[in-house]
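Asker: Contents of upload_26.cif (mmCIF, C-alpha atoms):
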```cif
data_query
#
loop_
_atom_site.label_atom_id
_atom_site.label_comp_id
_atom_site.auth_asym_id
_atom_site.auth_seq_id
_atom_site.Cartn_x
_atom_site.Cartn_y
_atom_site.Cartn_z
CA MET O 318 0.31 34.92 16.84
CA THR O 319 -0.77 31.30 16.98
CA ALA O 320 1.98 28.77 17.44
CA SER O 321 1.65 25.64 15.36
CA PRO O 322 1.39 22.46 17.40
CA PRO O 323 4.66 20.64 17.89
CA PRO O 324 5.08 17.52 15.74
CA THR O 325 4.62 14.13 17.31
CA PRO O 326 7.81 12.63 18.73
CA GLU O 327 8.04 10.30 15.73
CA LEU O 328 7.77 13.14 13.22
CA ALA O 329 10.15 15.27 15.26
CA GLN O 330 12.78 12.55 14.84
CA LEU O 331 12.34 12.61 11.08
CA GLU O 332 12.43 16.39 11.02
CA ALA O 333 15.67 16.45 12.99
CA LEU O 334 17.19 13.86 10.66
CA TYR O 335 16.05 15.87 7.65
CA ASP O 336 17.26 19.23 8.93
CA ALA O 337 20.69 17.84 9.71
CA HIS O 338 21.36 16.03 6.45
CA ASN O 339 19.02 17.13 3.65
CA ARG O 340 21.27 19.54 1.75
CA GLN O 341 24.21 17.17 1.58
CA ALA O 342 21.90 14.27 0.67
CA ILE O 343 20.22 16.22 -2.13
CA GLY O 344 23.59 17.47 -3.36
CA LEU O 345 24.94 13.92 -3.53
CA ALA O 346 21.88 12.45 -5.24
CA TYR O 347 21.85 15.32 -7.73
CA ARG O 348 25.58 14.89 -8.35
CA ILE O 349 24.91 11.27 -9.31
CA LEU O 350 21.56 11.58 -11.09
CA GLY O 351 21.74 15.07 -12.61
CA ASP O 352 18.00 15.43 -12.15
CA LEU O 353 16.43 17.17 -9.17
CA GLY O 354 13.16 15.23 -9.37
CA ASP O 355 14.93 11.87 -9.30
CA ALA O 356 17.29 13.13 -6.60
CA GLU O 357 14.39 14.15 -4.36
CA GLU O 358 12.66 10.82 -4.92
CA VAL O 359 15.77 8.94 -3.82
CA VAL O 360 16.40 11.19 -0.83
CA GLN O 361 12.78 10.96 0.29
CA GLU O 362 12.96 7.16 0.26
CA VAL O 363 16.25 7.21 2.15
CA PHE O 364 14.97 9.53 4.89
CA LEU O 365 11.78 7.52 5.31
CA SER O 366 13.75 4.29 5.38
CA ALA O 367 16.24 5.68 7.91
CA TRP O 368 13.39 7.06 9.99
CA ARG O 369 11.51 3.74 9.99
CA SER O 370 14.61 1.80 10.99
CA GLY O 371 16.17 4.48 13.16
CA HIS O 372 15.69 2.55 16.35
CA THR O 373 17.95 -0.20 15.00
CA TYR O 374 20.80 2.14 14.15
CA ASP O 375 23.55 2.50 16.71
CA PRO O 376 25.19 5.93 16.35
CA ALA O 377 28.12 4.72 18.39
CA ARG O 378 29.16 2.59 15.45
CA GLY O 379 29.73 5.51 13.15
CA SER O 380 28.49 8.70 11.64
CA THR O 381 24.78 9.02 10.89
CA HIS O 382 25.77 11.44 8.18
CA THR O 383 27.87 8.83 6.39
CA TRP O 384 25.16 6.25 6.90
CA ILE O 385 22.55 8.45 5.27
CA LEU O 386 24.84 9.48 2.43
CA SER O 387 25.86 5.90 1.73
CA MET O 388 22.22 4.94 1.34
CA VAL O 389 21.68 7.93 -0.95
CA ARG O 390 24.66 6.93 -3.08
CA ASN O 391 23.63 3.26 -3.31
CA ARG O 392 20.04 4.03 -4.24
CA SER O 393 21.07 6.70 -6.71
CA ILE O 394 23.40 4.27 -8.45
CA ASP O 395 20.54 1.74 -8.56
CA VAL O 396 18.36 4.35 -10.28
CA LEU O 397 21.17 5.20 -12.66
CA ARG O 398 21.71 1.53 -13.54
CA ALA O 399 17.99 0.98 -13.93
CA ARG O 400 17.98 3.80 -16.47
CA GLN O 401 20.72 1.95 -18.33
CA ARG O 402 19.04 -1.43 -17.64
CA ARG O 403 22.21 -2.79 -16.09
CA PRO O 404 21.80 -5.16 -13.14
CA THR O 405 23.54 -4.46 -9.86
CA GLN O 406 26.73 -6.49 -9.65
CA GLN O 407 27.05 -9.23 -7.08
CA MET O 408 29.97 -8.75 -4.76
CA PRO O 409 32.64 -11.32 -4.09
CA GLU O 410 31.97 -13.74 -1.26
CA GLY O 411 33.55 -12.73 1.98
CA ILE O 412 33.49 -9.04 1.04
CA ASP O 413 30.39 -7.29 2.23
CA PRO O 414 28.81 -4.72 -0.06
CA VAL O 415 28.61 -1.15 1.12
CA ASP O 416 25.12 -0.78 2.47
CA SER O 417 23.37 0.68 5.44
CA SER O 418 24.40 -2.17 7.70
CA ASP O 419 28.15 -1.92 7.42
CA VAL O 420 28.75 1.68 6.42
CA PRO O 421 29.16 2.90 10.00
CA THR O 422 32.15 0.66 10.51
CA LEU O 423 33.68 2.04 7.32
CA ALA O 424 33.24 5.67 8.18
CA VAL O 425 36.37 7.75 8.34
CA SER O 426 35.54 9.43 11.56
CA ASN O 427 37.92 12.38 11.40
CA VAL O 428 37.37 13.43 7.78
CA ASP O 429 35.19 16.43 7.04
CA ALA O 430 33.86 17.64 3.70
CA GLU O 431 36.69 20.07 3.13
CA THR O 432 39.34 17.42 3.80
CA ALA O 433 37.59 15.06 1.42
CA ARG O 434 37.43 17.72 -1.31
CA VAL O 435 41.07 18.61 -0.85
CA ALA O 436 41.99 14.93 -1.03
CA MET O 437 39.99 14.41 -4.23
CA ASN O 438 41.38 17.55 -5.80
CA SER O 439 44.93 16.48 -4.96
CA LEU O 440 44.58 13.48 -7.29
CA PRO O 441 46.04 13.71 -10.79
CA PRO O 442 43.14 14.74 -13.07
CA GLU O 443 43.00 11.46 -14.98
CA GLN O 444 42.81 9.44 -11.74
CA LYS O 445 40.17 11.75 -10.28
CA GLN O 446 38.10 11.52 -13.46
CA ALA O 447 38.22 7.72 -13.53
CA LEU O 448 37.27 7.50 -9.86
CA GLU O 449 34.40 9.96 -10.24
CA LEU O 450 32.98 8.16 -13.27
CA ALA O 451 33.00 4.91 -11.29
CA TYR O 452 31.88 6.24 -7.92
CA PHE O 453 29.36 8.87 -8.97
CA GLY O 454 28.53 7.49 -12.41
CA GLY O 455 28.32 3.81 -11.47
CA LEU O 456 30.23 3.02 -14.66
CA SER O 457 32.26 -0.16 -15.04
CA HIS O 458 35.91 0.08 -16.02
CA SER O 459 35.05 -1.00 -19.56
CA GLU O 460 32.39 1.72 -19.82
CA ILE O 461 34.85 4.27 -18.46
CA ALA O 462 37.42 3.12 -20.98
CA ALA O 463 34.90 3.55 -23.80
CA GLN O 464 33.87 6.96 -22.58
CA LEU O 465 37.43 8.20 -22.20
CA ALA O 466 38.64 6.39 -25.33
CA ALA O 467 41.41 4.86 -23.21
CA PRO O 468 42.62 1.24 -22.94
CA ILE O 469 40.89 -0.79 -20.22
CA GLY O 470 44.21 -1.56 -18.54
CA THR O 471 44.97 2.14 -18.33
CA VAL O 472 41.64 2.81 -16.65
CA LYS O 473 42.20 -0.01 -14.15
CA GLY O 474 45.61 1.40 -13.34
CA ARG O 475 44.27 4.93 -12.88
CA ILE O 476 41.59 3.69 -10.50
CA ARG O 477 44.07 1.65 -8.47
CA LEU O 478 46.52 4.55 -8.20
CA GLY O 479 43.71 6.97 -7.44
CA LEU O 480 42.48 4.83 -4.58
CA ASP O 481 46.01 4.45 -3.21
CA HIS O 482 46.45 8.23 -3.26
CA LEU O 483 43.03 8.75 -1.76
CA ARG O 484 43.69 6.37 1.13
CA ALA O 485 46.90 8.19 1.91
CA ALA O 486 45.30 11.63 1.63
CA MET O 487 42.33 10.61 3.80
CA GLY O 488 44.60 9.23 6.47
CA VAL O 489 43.23 5.70 6.21
CA HIS O 490 45.68 3.54 8.09
CA GLN O 491 47.90 1.74 5.63
CA ASP O 492 50.00 -0.46 7.90
CA LEU O 493 48.08 -3.59 6.96
CA LEU O 494 49.17 -3.09 3.35
CA SER O 495 52.62 -1.70 3.93
CA ALA O 496 54.51 -4.92 3.15
CA SER O 497 53.65 -8.05 1.30
CA MET B 313 51.47 -6.72 10.82
CA SER B 314 50.53 -6.80 7.17
CA ALA B 315 47.80 -8.75 5.44
CA THR B 316 49.23 -11.81 3.77
CA PRO B 317 48.69 -12.29 0.05
CA VAL B 318 47.86 -15.75 -1.15
CA ASP B 319 50.01 -17.62 -3.68
CA GLY B 320 49.25 -16.31 -7.14
CA HIS B 321 48.47 -12.82 -5.90
CA SER B 322 49.50 -10.12 -8.37
CA ASP B 323 49.14 -6.43 -9.10
CA GLU B 324 46.23 -7.26 -11.36
CA PHE B 325 44.22 -8.55 -8.41
CA GLU B 326 44.95 -5.31 -6.57
CA GLN B 327 43.46 -3.44 -9.52
CA LEU B 328 40.40 -5.67 -9.36
CA ALA B 329 40.19 -5.00 -5.60
CA GLY B 330 39.79 -1.30 -6.39
CA LEU B 331 37.00 -2.03 -8.83
CA ALA B 332 35.34 -4.30 -6.27
CA ALA B 333 35.46 -1.51 -3.69
CA LEU B 334 33.71 0.73 -6.18
CA ASP B 335 31.08 -1.96 -6.87
CA VAL B 336 31.78 -1.82 -10.60
CA LEU B 337 33.48 -5.17 -11.15
CA GLU B 338 31.59 -7.30 -13.65
CA GLY B 339 31.69 -10.30 -15.95
CA ASP B 340 34.41 -12.94 -15.82
CA GLU B 341 36.68 -10.69 -13.78
CA LEU B 342 34.12 -10.59 -11.02
CA GLY B 343 34.16 -14.38 -10.72
CA ARG B 344 37.94 -14.53 -10.92
CA PHE B 345 38.39 -11.91 -8.22
CA GLN B 346 35.68 -13.53 -6.12
CA ARG B 347 37.56 -16.84 -6.09
CA HIS B 348 40.90 -15.18 -5.42
CA ALA B 349 39.68 -12.81 -2.68
CA ALA B 350 38.02 -15.64 -0.80
CA GLN B 351 41.55 -16.93 -0.07
CA CYS B 352 43.59 -13.70 -0.16
CA GLU B 353 43.71 -11.72 3.05
CA ARG B 354 45.53 -8.84 1.38
CA CYS B 355 42.79 -8.35 -1.22
CA GLN B 356 40.11 -8.45 1.47
CA VAL B 357 41.93 -5.80 3.51
CA MET B 358 42.53 -3.70 0.40
CA VAL B 359 38.83 -3.68 -0.50
CA ARG B 360 37.94 -2.73 3.06
CA LEU B 361 40.44 0.14 3.23
CA ASP B 362 39.51 1.38 -0.24
CA ARG B 363 35.87 1.50 0.83
CA GLU B 364 36.84 3.34 3.98
CA ALA B 365 38.50 6.04 1.89
CA LEU B 366 35.59 6.10 -0.55
CA ALA B 367 33.12 6.65 2.30
CA ALA B 368 34.67 10.08 2.76
CA VAL B 369 34.19 10.87 -0.94
CA LEU B 370 30.47 10.94 -0.15
CA LEU B 371 31.13 14.33 1.39
CA VAL B 372 32.61 15.79 -1.78
CA ALA B 373 29.34 16.62 -3.57
CA PRO B 374 28.39 20.25 -2.87
CA PRO B 375 25.31 20.63 -0.64
CA MET B 376 22.19 21.75 -2.46
CA ASP B 377 18.73 23.03 -1.55
CA PRO B 378 15.78 20.81 -2.46
CA SER B 379 12.55 22.17 -3.95
CA PRO B 380 10.74 24.58 -1.63
CA ASP B 381 7.97 22.07 -0.90
CA PHE B 382 10.17 18.99 -0.55
CA LYS B 383 10.26 18.94 3.24
CA ALA B 384 6.48 19.40 3.44
CA ARG B 385 5.96 16.49 1.06
CA LEU B 386 8.30 14.27 3.07
CA MET B 387 6.66 15.13 6.39
CA GLN B 388 3.21 14.66 4.91
CA ARG B 389 4.08 11.22 3.65
CA ALA B 390 5.48 10.28 7.05
CA ALA B 391 2.36 11.62 8.75
CA VAL B 392 0.16 9.48 6.51
CA GLU B 393 2.29 6.42 7.30
CA LEU B 394 1.91 7.13 11.01
CA ALA B 395 -1.84 7.60 10.65
CA VAL B 396 -2.22 4.32 8.80
CA ALA B 397 -0.06 2.50 11.33
CA ASP B 398 -2.00 4.02 14.21
CA THR B 399 -5.36 3.13 12.69
CA THR B 400 -4.22 -0.41 12.01
CA ARG B 401 -2.91 -0.73 15.55
CA ARG B 402 -6.16 0.46 17.07
CA GLY B 403 -8.15 -1.81 14.78
CA SER B 404 -6.30 -4.89 16.00
CA VAL B 405 -6.67 -4.29 19.75
CA ALA B 406 -7.85 -7.48 21.45
CA ALA B 407 -11.29 -7.67 23.07
CA PRO B 408 -11.36 -6.91 26.79
CA PRO B 409 -10.77 -9.97 28.95
CA THR B 410 -13.81 -11.85 30.21
CA PRO B 411 -14.44 -12.02 33.96
CA ALA B 412 -12.55 -14.78 35.74
CA THR B 413 -15.67 -16.32 37.23
CA GLN B 414 -18.78 -17.14 35.30
CA PRO B 415 -22.17 -17.09 36.99
CA PRO B 416 -23.85 -20.50 37.20
CA GLY B 417 -26.69 -21.40 34.89
CA PRO B 418 -27.10 -21.20 31.17
CA ALA B 419 -24.71 -19.05 29.32
CA PRO B 420 -26.14 -15.60 28.84
CA ILE B 421 -26.80 -14.41 25.35
CA PRO B 422 -23.96 -12.09 24.51
CA PHE B 423 -25.10 -8.51 24.61
CA ARG B 424 -24.43 -6.53 21.54
CA PRO B 425 -25.32 -2.88 21.48
CA ARG B 426 -27.52 -1.92 18.62
CA SER B 427 -25.66 -0.52 15.76
CA PRO B 428 -26.64 2.87 14.52
CA ASN B 429 -28.69 2.73 11.33
CA VAL B 430 -26.12 4.57 9.29
CA ILE B 431 -22.39 4.20 9.75
CA PRO B 432 -20.29 6.56 7.70
CA LEU B 433 -18.34 4.51 5.20
CA TRP B 434 -15.05 5.91 6.47
CA ARG B 435 -15.78 4.55 9.97
CA ARG B 436 -16.67 1.01 8.95
CA SER B 437 -13.15 -0.41 9.15
CA PRO B 438 -9.66 0.77 9.96
CA TRP B 439 -8.62 0.14 6.37
CA VAL B 440 -11.43 2.22 4.93
CA SER B 441 -10.62 4.89 7.48
CA ALA B 442 -6.98 4.87 6.47
CA LEU B 443 -7.84 4.96 2.79
CA ALA B 444 -10.19 7.88 3.39
CA ALA B 445 -7.43 9.76 5.21
CA ILE B 446 -5.02 9.10 2.36
CA LEU B 447 -7.63 10.20 -0.19
CA VAL B 448 -8.28 13.47 1.65
CA VAL B 449 -4.59 14.17 2.04
CA GLY B 450 -4.07 13.27 -1.61
CA LEU B 451 -6.82 15.55 -2.86
CA VAL B 452 -5.60 18.47 -0.77
CA SER B 453 -2.03 17.85 -1.89
CA PHE B 454 -3.04 17.52 -5.51
CA GLY B 455 -4.95 20.80 -5.39
CA ALA B 456 -2.04 22.63 -3.82
CA TYR B 457 0.37 20.98 -6.21
CA SER B 458 -1.71 21.88 -9.27
CA TYR B 459 -1.85 25.53 -8.24
CA GLU B 460 1.85 25.74 -7.47
CA ASN B 461 2.65 23.87 -10.67
CA GLN B 462 1.00 26.39 -13.01
CA PRO B 463 3.46 27.88 -15.54
CA VAL B 464 3.84 31.63 -15.07
CA ALA B 465 6.54 32.35 -17.66
CA THR B 466 8.08 30.66 -20.69
CA TYR B 467 11.34 31.57 -22.42
CA GLU B 468 12.48 30.12 -25.74
CA LEU B 469 16.16 29.43 -26.16
CA SER B 470 17.77 30.64 -29.37
CA GLY B 471 20.90 29.40 -31.03
CA SER B 472 22.41 27.24 -33.72
CA ALA B 473 20.79 23.90 -32.92
CA PRO B 474 17.68 22.79 -34.77
CA GLY B 475 14.56 22.07 -32.75
CA LYS B 476 13.03 23.96 -29.90
CA ALA B 477 13.98 24.42 -26.25
CA LEU B 478 11.94 26.26 -23.64
CA VAL B 479 12.48 27.27 -20.05
CA ILE B 480 9.20 27.00 -18.16
CA VAL B 481 8.98 28.79 -14.81
CA ARG B 482 6.19 27.67 -12.47
CA ARG B 483 4.34 29.56 -9.77
CA SER B 484 6.26 27.68 -7.08
CA GLY B 485 9.52 29.07 -8.49
CA MET B 486 10.53 25.68 -9.86
CA ALA B 487 11.61 25.66 -13.47
CA GLU B 488 12.43 23.16 -16.14
CA LEU B 489 14.10 23.03 -19.50
CA VAL B 490 11.97 21.31 -22.15
CA MET B 491 13.62 20.22 -25.39
CA GLU B 492 11.55 19.20 -28.41
CA GLY B 493 12.76 18.16 -31.83
CA VAL B 494 16.42 18.72 -31.02
CA PRO B 495 18.46 15.94 -32.67
CA ASP B 496 19.73 13.30 -30.25
CA PRO B 497 23.43 13.86 -29.51
CA GLU B 498 25.84 11.54 -31.30
CA PRO B 499 26.87 8.40 -29.40
CA GLY B 500 29.34 9.30 -26.72
CA PHE B 501 27.92 12.80 -26.27
CA LEU B 502 25.17 14.31 -24.17
CA TYR B 503 23.47 17.65 -23.71
CA GLU B 504 24.22 19.53 -20.52
CA ALA B 505 22.10 22.40 -19.19
CA TRP B 506 23.72 25.37 -17.47
CA ILE B 507 22.48 28.15 -15.23
CA ILE B 508 24.68 31.22 -15.53
CA PRO B 509 24.11 33.90 -12.88
CA GLN B 510 24.76 37.49 -13.90
CA GLY B 511 28.51 38.01 -13.69
CA GLY B 512 28.98 34.47 -12.37
CA GLN B 513 30.29 31.13 -13.52
CA PRO B 514 28.05 28.52 -15.21
CA VAL B 515 26.52 26.03 -12.82
CA ALA B 516 25.78 22.53 -14.14
CA ALA B 517 22.02 21.98 -14.06
CA GLY B 518 21.53 18.51 -15.48
CA THR B 519 22.19 16.34 -18.49
CA THR B 520 20.25 14.33 -21.02
CA ASN B 521 21.25 12.04 -23.83
CA ARG B 522 18.08 12.70 -25.80
CA GLY B 523 16.90 15.57 -27.95
CA ASN B 524 13.36 15.35 -26.59
CA ALA B 525 13.75 15.73 -22.86
CA GLU B 526 12.78 17.59 -19.72
CA VAL B 527 15.52 18.73 -17.38
CA PRO B 528 14.46 20.22 -14.02
CA LEU B 529 16.47 23.33 -13.24
CA PRO B 530 17.55 23.56 -9.59
CA GLY B 531 17.18 26.64 -7.42
CA ASN B 532 15.92 30.08 -8.36
CA ILE B 533 16.78 30.82 -12.00
CA ARG B 534 15.27 34.31 -12.25
CA GLY B 535 17.78 36.80 -13.62
CA THR B 536 20.08 34.08 -14.94
CA THR B 537 20.96 32.81 -18.40
CA VAL B 538 20.02 29.21 -19.17
CA ALA B 539 22.16 27.52 -21.83
CA ILE B 540 22.74 24.10 -23.38
CA THR B 541 26.09 22.69 -24.48
CA LYS B 542 27.08 19.35 -25.96
CA GLU B 543 29.62 17.45 -23.87
CA ARG B 544 31.32 14.05 -23.89
CA THR B 545 30.36 13.46 -20.27
CA ARG B 546 28.82 15.44 -17.45
CA VAL B 547 31.30 18.17 -16.60
CA ASP B 548 31.48 20.86 -13.97
CA ALA B 549 32.34 23.63 -16.44
CA PRO B 550 31.30 23.82 -20.10
CA THR B 551 33.92 22.74 -22.60
CA SER B 552 32.15 24.10 -25.67
CA ALA B 553 30.12 27.13 -26.75
CA PRO B 554 26.38 27.07 -25.98
CA LEU B 555 24.19 25.57 -28.69
CA MET B 556 21.19 27.52 -27.38
CA ALA B 557 20.60 30.05 -24.62
CA THR B 558 18.04 32.43 -23.17
CA VAL B 559 17.92 35.06 -20.46
CA VAL B 560 15.29 34.50 -17.75
CA GLN B 561 13.81 37.76 -16.49
CA SER B 562 14.26 38.68 -12.84
#
```
Mind turning the file's structure into structure tokens?
Answerer:
Amino acid sequence: MTASPPPTPELAQLEALYDAHNRQAIGLAYRILGDLGDAEEVVQEVFLSAWRSGHTYDPARGSTHTWILSMVRNRSIDVLRARQRRPTQQMPEGIDPVDSSDVPTLAVSNVDAETARVAMNSLPPEQKQALELAYFGGLSHSEIAAQLAAPIGTVKGRIRLGLDHLRAAMGVHQDLLSAS
Amino acid sequence: MSATPVDGHSDEFEQLAGLAALDVLEGDELGRFQRHAAQCERCQVMVRLDREALAAVLLVAPPMDPSPDFKARLMQRAAVELAVADTTRRGSVAAPPTPATQPPGPAPIPFRPRSPNVIPLWRRSPWVSALAAILVVGLVSFGAYSYENQPVATYELSGSAPGKALVIVRRSGMAELVMEGVPDPEPGFLYEAWIIPQGGQPVAAGTTNRGNAEVPLPGNIRGTTVAITKERTRVDAPTSAPLMATVVQS
């Protein structure tokens, strides 16, 4: 039997990154885009981008997994919005957008996939649906309202309550918001 | 210690904070929240904590296998990038340093070795070399892709909807649903494809809001039933009876 030559160190890094995260990355992109071809295109760009900039990423700041998945989510939403010809919204000043640079500091370090699923499934169905349409569908609250045939104020309220429940279920520390 | 809200803070701004965390705030509300949040510590903290919780939602999507050749395509593209970078690097290496001391007298005529009469085009410059490498890789990839992409089986879906829908299975095992002449769904609806394993639950396989569309079908579909339903939004389990369906042979 002839052993194939080992990949170069650079390619070995990419391969390790891919092997560790590809199934979750594809699953997430497919969940958002509903199209395997588009999902693979997004995930390929994310892995190559992460691989090219890997030396600038500090794993001590957070989970590589979350970092990769955040990039997959952001790019997938961009593709989704491009399909609908809707520009990406500008974020308020002083509030950084979720991107590859600040995701590590946002990572919930002690939450695994099962905990996250249990937390999502513990939400009342109407709150879960509104959150999923926004987070995985990239829909605005007015688009969600149109799709669900519900008043905009109702949708806003469901999203707010859903996020409050989610924070509690995920164990995100709430003390900063406990009193006002 | 809690984050202090600014004067004028209200529940409405907390709702907008949630939308901001989701990156879906738009229009006038975006500007209004932007101005408020710049002063309101509570809203800034709320957006940050909401995003922290949402980061974990990234894990909720079920893992999924990519196409069988996806990893090879990714590694090949990376290898080409490395080759181009390497060639470019070697092409820009500086000339060796000249000796520190020059012999006296007139400057010697620089010696240039005679060039061979014929230089292969691909060796004339790093860029040509890189392009040649890409071309070769591309041709080989295209050949392999064309072979793997050949259809080996086609199944027509039958049902109540007008138009035609086919499942095309390719040599690589990849498959797609092709819809032709099916009426576009009414506004607010879409078509959703399903893969139903024998004795199993339907698995969502993709959506389209057009009647003429191609929907790649994930995974190995041999021995399953492929069906189409009309839904209001993408759902994880069908809410209506299939419009069309076919059984894919094992």
Asker: What are the closest atom pairs, with distances in Å to one decimal, for each residue of chain B lying within 7 Å of chain O, using all atoms listed in the file, rows by chain and rising residue number, as a tab-separated table?
Answerer:
```
residue	atom	partner	partner_atom	distance
B:Met313	CA	O:Leu493	CA	6.0
B:Ser314	CA	O:Leu493	CA	4.0
B:Ala315	CA	O:Leu493	CA	5.4
B:Thr316	CA	O:Ser497	CA	6.3
B:Pro317	CA	O:Ser497	CA	6.6
B:Gln327	CA	O:Arg477	CA	5.2
B:Gly330	CA	O:Arg477	CA	5.6
B:Leu334	CA	O:Tyr452	CA	6.1
B:Asp335	CA	O:Gln406	CA	6.9
B:Val336	CA	O:Ser457	CA	4.8
B:Leu337	CA	O:Ser457	CA	6.5
B:Glu338	CA	O:Gln406	CA	6.3
B:Gln346	CA	O:Pro409	CA	4.3
B:Ala350	CA	O:Gly411	CA	6.0
B:Gln356	CA	O:Ile412	CA	6.7
B:Leu361	CA	O:Val489	CA	6.9
B:Asp362	CA	O:Leu480	CA	6.3
B:Arg363	CA	O:Leu423	CA	6.9
B:Glu364	CA	O:Leu423	CA	4.8
B:Ala365	CA	O:Arg484	CA	5.3
B:Ala367	CA	O:Ala424	CA	6.0
B:Ala368	CA	O:Ala433	CA	5.9
B:Val369	CA	O:Ala433	CA	5.9
B:Leu370	CA	O:Leu386	CA	6.4
B:Leu371	CA	O:Ala430	CA	4.9
B:Val372	CA	O:Arg434	CA	5.2
B:Ala373	CA	O:Leu345	CA	5.2
B:Pro374	CA	O:Gly344	CA	5.6
B:Pro375	CA	O:Gln341	CA	4.3
B:Met376	CA	O:Gly344	CA	4.6
B:Asp377	CA	O:Arg340	CA	5.4
B:Pro378	CA	O:Ile343	CA	6.4
B:Leu386	CA	O:Gln361	CA	6.2
B:Gly500	CA	O:Gln464	CA	6.6
B:Gly518	CA	O:Gly351	CA	4.5
B:Thr519	CA	O:Gly351	CA	6.0
B:Val527	CA	O:Asp352	CA	6.7
B:Pro528	CA	O:Leu353	CA	6.1
B:Pro530	CA	O:Leu353	CA	6.5
```
Asker: Selection from above, C-alpha atoms, as a PDB file, in the frame of the given file, can you write it?
Answerer:
```pdb
ATOM      1  CA  MET B 313      51.470  -6.720  10.820  1.00  0.00           C
ATOM      2  CA  SER B 314      50.530  -6.800   7.170  1.00  0.00           C
ATOM      3  CA  ALA B 315      47.800  -8.750   5.440  1.00  0.00           C
ATOM      4  CA  THR B 316      49.230 -11.810   3.770  1.00  0.00           C
ATOM      5  CA  PRO B 317      48.690 -12.290   0.050  1.00  0.00           C
ATOM      6  CA  GLN B 327      43.460  -3.440  -9.520  1.00  0.00           C
ATOM      7  CA  GLY B 330      39.790  -1.300  -6.390  1.00  0.00           C
ATOM      8  CA  LEU B 334      33.710   0.730  -6.180  1.00  0.00           C
ATOM      9  CA  ASP B 335      31.080  -1.960  -6.870  1.00  0.00           C
ATOM     10  CA  VAL B 336      31.780  -1.820 -10.600  1.00  0.00           C
ATOM     11  CA  LEU B 337      33.480  -5.170 -11.150  1.00  0.00           C
ATOM     12  CA  GLU B 338      31.590  -7.300 -13.650  1.00  0.00           C
ATOM     13  CA  GLN B 346      35.680 -13.530  -6.120  1.00  0.00           C
ATOM     14  CA  ALA B 350      38.020 -15.640  -0.800  1.00  0.00           C
ATOM     15  CA  GLN B 356      40.110  -8.450   1.470  1.00  0.00           C
ATOM     16  CA  LEU B 361      40.440   0.140   3.230  1.00  0.00           C
ATOM     17  CA  ASP B 362      39.510   1.380  -0.240  1.00  0.00           C
ATOM     18  CA  ARG B 363      35.870   1.500   0.830  1.00  0.00           C
ATOM     19  CA  GLU B 364      36.840   3.340   3.980  1.00  0.00           C
ATOM     20  CA  ALA B 365      38.500   6.040   1.890  1.00  0.00           C
ATOM     21  CA  ALA B 367      33.120   6.650   2.300  1.00  0.00           C
ATOM     22  CA  ALA B 368      34.670  10.080   2.760  1.00  0.00           C
ATOM     23  CA  VAL B 369      34.190  10.870  -0.940  1.00  0.00           C
ATOM     24  CA  LEU B 370      30.470  10.940  -0.150  1.00  0.00           C
ATOM     25  CA  LEU B 371      31.130  14.330   1.390  1.00  0.00           C
ATOM     26  CA  VAL B 372      32.610  15.790  -1.780  1.00  0.00           C
ATOM     27  CA  ALA B 373      29.340  16.620  -3.570  1.00  0.00           C
ATOM     28  CA  PRO B 374      28.390  20.250  -2.870  1.00  0.00           C
ATOM     29  CA  PRO B 375      25.310  20.630  -0.640  1.00  0.00           C
ATOM     30  CA  MET B 376      22.190  21.750  -2.460  1.00  0.00           C
ATOM     31  CA  ASP B 377      18.730  23.030  -1.550  1.00  0.00           C
ATOM     32  CA  PRO B 378      15.780  20.810  -2.460  1.00  0.00           C
ATOM     33  CA  LEU B 386       8.300  14.270   3.070  1.00  0.00           C
ATOM     34  CA  GLY B 500      29.340   9.300 -26.720  1.00  0.00           C
ATOM     35  CA  GLY B 518      21.530  18.510 -15.480  1.00  0.00           C
ATOM     36  CA  THR B 519      22.190  16.340 -18.490  1.00  0.00           C
ATOM     37  CA  VAL B 527      15.520  18.730 -17.380  1.00  0.00           C
ATOM     38  CA  PRO B 528      14.460  20.220 -14.020  1.00  0.00           C
ATOM     39  CA  PRO B 530      17.550  23.560  -9.590  1.00  0.00           C
TER      40      PRO B 530
END
```
Asker: Which residues, protein or nucleic acid, reach to within 9 Å of (7.8, 33.3, -7.4) in the file's coordinates when using all atoms listed in the file, and can you give that as a PyMOL selection string?
Answerer: chain B and resi 464+481-486+532+534
Asker: Just the residues within 12 Å of Gly471 (chain B), please, counting all atoms listed in the file, with nothing from its chain fewer than 5 positions along; format it as number ranges by chain.
Answerer: B: 476-477, 494, 538-541, 553-558
Asker: Quick one: residues within 9 Å of Thr520 (chain B), only C-alpha atoms, excluding same-chain residues fewer than 6 positions away - as a PyMOL selection string?
Answerer: (chain O and resi 351) or (chain B and resi 502-505+526-527)
Asker: Given 5 Å of margin on each side, can you work out the centre and size in Å (one decimal) of an axis-aligned box holding every listed atom of region 469-480 of chain O, as JSON?
Answerer:
```
{"center_x": 43.7, "center_y": 2.7, "center_z": -12.4, "size_x": 15.6, "size_y": 18.5, "size_z": 25.6}
```
Asker: CA of Thr381 (chain O) and CA of Ala333 (chain O) are how many Å apart?
Answerer: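 CA of Ala333 (chain O) lies at a distance of 11.9 Å from CA of Thr381 (chain O).
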Asker: Measuring between all atoms listed in the file, which one of B:Ala395, B:Ala442, B:Met387, B:Ile533 shows the shortest distance to Leu334 (chain O)?
Answerer: B:Met387
Asker: Evaluate the PyMOL selection byres ((chain B and resi 515) around 10) on the structure here and hand back the selected residues as a ChimeraX atom specification.
Answerer: /B:505-509,512-514,516-518,530,538,547-550
Asker: Assuming the chain letters and numbering stay as they are in my file, what does the PyMOL selection byres ((chain B and resi 467) around 9) actually select? List them as a PyMOL selection string.
Answerer: chain B and resi 465-466+468-469+477-481+558-561
